[in-house]
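Read the structure below first, then the notes.
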Amino acid sequence: LNHLKETVESVETKKQPDGAFEILVKKTVSGTDSAGFHWTEKVTLFGNGVISVQNHVEPFGKLPDELPKLGVQFVLPENLENLIWYGRGPQENYPDRKTGAAVDVYHSTVTAQVVPYVRPQETGNKEDVRWVALTDAKKKGLLVVADSLLSVTALHFTANDLDKANHIDELTPRKEVFLSLDARQLGLGNASCGPPVLEKYAFHPRPVTFEFVLLPYEPKMGRLQDVARQAKAWAKR
């Protein structure tokens, strides 16, 4: 699955009676061995600037017994450096490494999310995220509100950058911000010096549905916490 290819099967558009515009995309995301995912994405654009995104993913073919993660990724401008989230933190945390990370509202930066492991690897994830915002120096930016809970990572590196580097000095940060919104991640386990991930933290290929709302944010709209609470209702206007 290191070389996924996306093929769009169909695109349907429909204007709703309330003026909202709906785009339904059906695509196949496949690897090199006729295995991958049938992906249905419904994007609804509302007149107030809110965007609702619904994803349904069905695995097919002979996939690995465990998946590292499954979700979507956005490439955002470099000026969205400030990271605020309501979820577990402040340190990185994973499905089997989150008991010591309390749920709260945290403020940090994208640059600070990288843990300087000697050998670069998956880093900076946050579990049980209810909402996350990326803002610029004027506190304007993008707010993402989960329908349920998401795993979220914001870095100046792609997963491929981390995978290719054998030592931390081989990493060069990119200007862009790579925001990953994952329905679920595989636990870390302890395979480096012990047993693999426990079954309850495993992520086997199975149908997955996840939703989130996107909206532009600026301070005059109110506190992020308050705007996030109202976002789902705004998506229904």
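Following the order of the structure tokens, first chain is A, next is B, and so on, with residues numbered from 1 inside each chain and ligands from 1 in the order they appear.
Neighbours of Gly141 of chain A closer than or equal to 8 Å, with only C-alpha atoms counted and sequence neighbours fewer than 4 positions away skipped, come out as Leu80, Ala133, Leu134, Thr135, Asp136, Pro216, Tyr217 and Glu218 of chain A.
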Can I get the selected residues back with N, CA and C atoms, as a PDB file, in the first residue's frame?
ATOM      1  N   LEU A  80      -0.188  28.877   8.400  1.00  0.00           N
ATOM      2  CA  LEU A  80      -1.077  28.293   9.420  1.00  0.00           C
ATOM      3  C   LEU A  80      -0.245  27.461  10.394  1.00  0.00           C
ATOM      4  N   ALA A 133      -7.804  23.416  15.193  1.00  0.00           N
ATOM      5  CA  ALA A 133      -7.702  24.636  14.394  1.00  0.00           C
ATOM      6  C   ALA A 133      -6.248  24.914  14.053  1.00  0.00           C
ATOM      7  N   LEU A 134      -6.026  25.397  12.840  1.00  0.00           N
ATOM      8  CA  LEU A 134      -4.713  25.864  12.399  1.00  0.00           C
ATOM      9  C   LEU A 134      -4.872  27.321  11.999  1.00  0.00           C
ATOM     10  N   THR A 135      -4.109  28.208  12.657  1.00  0.00           N
ATOM     11  CA  THR A 135      -4.290  29.643  12.438  1.00  0.00           C
ATOM     12  C   THR A 135      -2.970  30.342  12.149  1.00  0.00           C
ATOM     13  N   ASP A 136      -3.079  31.551  11.598  1.00  0.00           N
ATOM     14  CA  ASP A 136      -1.890  32.345  11.296  1.00  0.00           C
ATOM     15  C   ASP A 136      -1.603  33.328  12.428  1.00  0.00           C
ATOM     16  N   PRO A 216     -13.967  28.304   7.797  1.00  0.00           N
ATOM     17  CA  PRO A 216     -12.970  29.348   8.030  1.00  0.00           C
ATOM     18  C   PRO A 216     -13.213  29.988   9.384  1.00  0.00           C
ATOM     19  N   TYR A 217     -12.126  30.387  10.036  1.00  0.00           N
ATOM     20  CA  TYR A 217     -12.268  30.973  11.375  1.00  0.00           C
ATOM     21  C   TYR A 217     -11.497  32.287  11.461  1.00  0.00           C
ATOM     22  N   GLU A 218     -12.088  33.252  12.172  1.00  0.00           N
ATOM     23  CA  GLU A 218     -11.391  34.470  12.564  1.00  0.00           C
ATOM     24  C   GLU A 218     -11.912  34.877  13.940  1.00  0.00           C
TER      25      GLU A 218
END
Each segment 34-71 of chain A residue no farther than 12 Å from segment 144-168 of chain A, nearest pair in Å, only C-alpha atoms, as a Markdown table:
| residue | atom | partner | partner_atom | distance |
| --- | --- | --- | --- | --- |
| A:Val50 | CA | A:Val144 | CA | 10.1 |
| A:Ile51 | CA | A:Val144 | CA | 9.7 |
| A:Ser52 | CA | A:Val145 | CA | 9.5 |
| A:Val53 | CA | A:Asp147 | CA | 9.7 |
| A:Gln54 | CA | A:Asp147 | CA | 9.3 |
| A:Asn55 | CA | A:Asp147 | CA | 11.3 |
| A:Pro68 | CA | A:Ala159 | CA | 11.2 |
| A:Lys69 | CA | A:Ser151 | CA | 9.1 |
| A:Leu70 | CA | A:Ser151 | CA | 9.6 |
| A:Gly71 | CA | A:Ser151 | CA | 8.8 |
Would you save the residues of that selection, restricted to N, CA and C atoms, as an mmCIF file, in the first residue's frame?
data_model
loop_
_atom_site.group_PDB
_atom_site.id
_atom_site.type_symbol
_atom_site.label_atom_id
_atom_site.label_comp_id
_atom_site.auth_asym_id
_atom_site.auth_seq_id
_atom_site.Cartn_x
_atom_site.Cartn_y
_atom_site.Cartn_z
ATOM 1 N N VAL A 50 -19.548 26.944 5.482
ATOM 2 C CA VAL A 50 -19.284 25.671 6.142
ATOM 3 C C VAL A 50 -19.278 24.537 5.109
ATOM 4 N N ILE A 51 -18.365 23.600 5.275
ATOM 5 C CA ILE A 51 -18.268 22.433 4.396
ATOM 6 C C ILE A 51 -18.367 21.176 5.241
ATOM 7 N N SER A 52 -19.326 20.317 4.922
ATOM 8 C CA SER A 52 -19.481 19.036 5.609
ATOM 9 C C SER A 52 -18.896 17.937 4.738
ATOM 10 N N VAL A 53 -18.086 17.063 5.328
ATOM 11 C CA VAL A 53 -17.437 15.980 4.585
ATOM 12 C C VAL A 53 -17.762 14.645 5.245
ATOM 13 N N GLN A 54 -18.400 13.754 4.482
ATOM 14 C CA GLN A 54 -18.737 12.417 4.966
ATOM 15 C C GLN A 54 -17.964 11.384 4.144
ATOM 16 N N ASN A 55 -17.262 10.483 4.810
ATOM 17 C CA ASN A 55 -16.462 9.466 4.147
ATOM 18 C C ASN A 55 -16.927 8.068 4.542
ATOM 19 N N PRO A 68 -1.812 0.753 9.319
ATOM 20 C CA PRO A 68 -1.230 1.749 10.233
ATOM 21 C C PRO A 68 -2.196 2.865 10.587
ATOM 22 N N LYS A 69 -2.984 3.309 9.596
ATOM 23 C CA LYS A 69 -3.952 4.379 9.819
ATOM 24 C C LYS A 69 -4.862 4.450 8.598
ATOM 25 N N LEU A 70 -5.967 5.175 8.749
ATOM 26 C CA LEU A 70 -6.855 5.388 7.612
ATOM 27 C C LEU A 70 -7.550 6.724 7.788
ATOM 28 N N GLY A 71 -7.423 7.582 6.783
ATOM 29 C CA GLY A 71 -8.037 8.892 6.870
ATOM 30 C C GLY A 71 -7.744 9.728 5.657
#
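Picture a line from atom CA of Lys42 of chain A to atom CA of Ile23 of chain A; it runs 5.7 Å.
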Contacts of Leu4 of chain A at 8 Å (only C-alpha atoms; same-chain gap of 4+ positions) as an MDAnalysis selection string: chainID A and resid 29:32 36
Just write the chosen residues, N, CA, C and O atoms, as a short mmCIF file (atom, residue, chain, number, x, y, z; two decimals), in the first residue's frame.
data_model
loop_
_atom_site.label_atom_id
_atom_site.label_comp_id
_atom_site.auth_asym_id
_atom_site.auth_seq_id
_atom_site.Cartn_x
_atom_site.Cartn_y
_atom_site.Cartn_z
N VAL A 29 -9.22 3.51 -4.36
CA VAL A 29 -7.85 3.79 -3.96
C VAL A 29 -7.16 2.44 -3.81
O VAL A 29 -7.44 1.69 -2.88
N SER A 30 -6.27 2.12 -4.75
CA SER A 30 -5.71 0.76 -4.79
C SER A 30 -4.20 0.76 -4.75
O SER A 30 -3.53 1.72 -5.14
N GLY A 31 -3.65 -0.37 -4.28
CA GLY A 31 -2.22 -0.57 -4.23
C GLY A 31 -1.73 -1.35 -5.43
O GLY A 31 -2.38 -1.38 -6.48
N THR A 32 -0.60 -2.01 -5.28
CA THR A 32 0.03 -2.69 -6.42
C THR A 32 -0.48 -4.11 -6.63
O THR A 32 -0.18 -4.72 -7.64
N GLY A 36 -7.15 -2.68 -2.01
CA GLY A 36 -7.25 -1.28 -1.63
C GLY A 36 -8.59 -0.97 -1.01
O GLY A 36 -9.11 -1.77 -0.22
#
Please report the interatomic distance between atom CA of Val227 of chain A and atom CA of Gln113 of chain A in Å with one decimal.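 Atom-to-atom, atom CA of Val227 of chain A and atom CA of Gln113 of chain A are spaced 24.5 Å apart.
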Coordinates-based distance that separates atom CA of Phe212 of chain A from atom CA of Lys15 of chain A (Å, one decimal): 20.3 Å
All strand (DSSP E or B) positions in segment 93-133 of chain A, as a ChimeraX atom specification: /A:102-109,126-133
Please, which residues in segment 189-210 of chain A fall within 10 Å of segment 88-110 of chain A when counting only C-alpha atoms, and what is the closest atom pair and distance in Å to one decimal for each, ordered by chain then residue number, as JSON lines?
{"residue": "A:Gly189", "atom": "CA", "partner": "A:Asp96", "partner_atom": "CA", "distance": 7.2}
{"residue": "A:Val197", "atom": "CA", "partner": "A:Asp96", "partner_atom": "CA", "distance": 8.2}
{"residue": "A:Leu198", "atom": "CA", "partner": "A:Asp96", "partner_atom": "CA", "distance": 8.4}
{"residue": "A:Lys200", "atom": "CA", "partner": "A:Asp96", "partner_atom": "CA", "distance": 8.9}
{"residue": "A:Tyr201", "atom": "CA", "partner": "A:Pro95", "partner_atom": "CA", "distance": 6.2}
{"residue": "A:Ala202", "atom": "CA", "partner": "A:Pro95", "partner_atom": "CA", "distance": 9.0}
Next, dump the selected residues to file, keeping only N, CA, C and O atoms, as a compact mmCIF listing (two decimals), in the first residue's frame.
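File out.txt, as written:
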# COMPACT_ATOMS: atom_id res chain seq x y z
N GLY A 189 2.16 -0.73 20.23
CA GLY A 189 2.71 -2.00 20.68
C GLY A 189 4.08 -1.82 21.30
O GLY A 189 4.49 -0.72 21.68
N VAL A 197 1.33 -5.13 19.20
CA VAL A 197 0.18 -4.41 19.74
C VAL A 197 -0.88 -5.40 20.26
O VAL A 197 -1.09 -6.46 19.67
N LEU A 198 -1.51 -5.06 21.37
CA LEU A 198 -2.60 -5.88 21.89
C LEU A 198 -3.79 -5.83 20.92
O LEU A 198 -4.00 -4.84 20.22
N LYS A 200 -6.91 -5.35 21.22
CA LYS A 200 -7.89 -4.27 21.35
C LYS A 200 -7.39 -2.95 20.74
O LYS A 200 -8.18 -2.03 20.53
N TYR A 201 -6.08 -2.87 20.48
CA TYR A 201 -5.53 -1.68 19.85
C TYR A 201 -5.15 -1.92 18.39
O TYR A 201 -4.59 -1.04 17.74
N ALA A 202 -5.44 -3.13 17.89
CA ALA A 202 -5.15 -3.44 16.49
C ALA A 202 -6.14 -2.74 15.58
O ALA A 202 -7.26 -2.39 15.99
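Within segment 56-199 of chain A, DSSP applied to the backbone places the following residues in alpha helix (DSSP H): Ala159, Asn160, Asp161, Leu162, Asp163 and Lys164 of chain A.
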With distances taken over only C-alpha atoms, which residue among A:Gln185, A:Gln121, A:Thr111, A:Asn82 lies nearest Pro173 of chain A? A:Thr111
With a distance cut-off of 12 Å and only C-alpha atoms, select the neighbouring residues of Trp234 of chain A, excluding the residue or stretch itself and same-chain residues fewer than 2 positions from it, and output the selection as a list in words. Ala20, Thr44, Leu45, Phe46, Gly47, Asn48, Gly49, Val50, Ile51, Ser52, Val145, Val213, Leu214, Leu215, Val227, Ala228, Arg229, Gln230, Ala231, Lys232, Lys236 and Arg237 of chain A
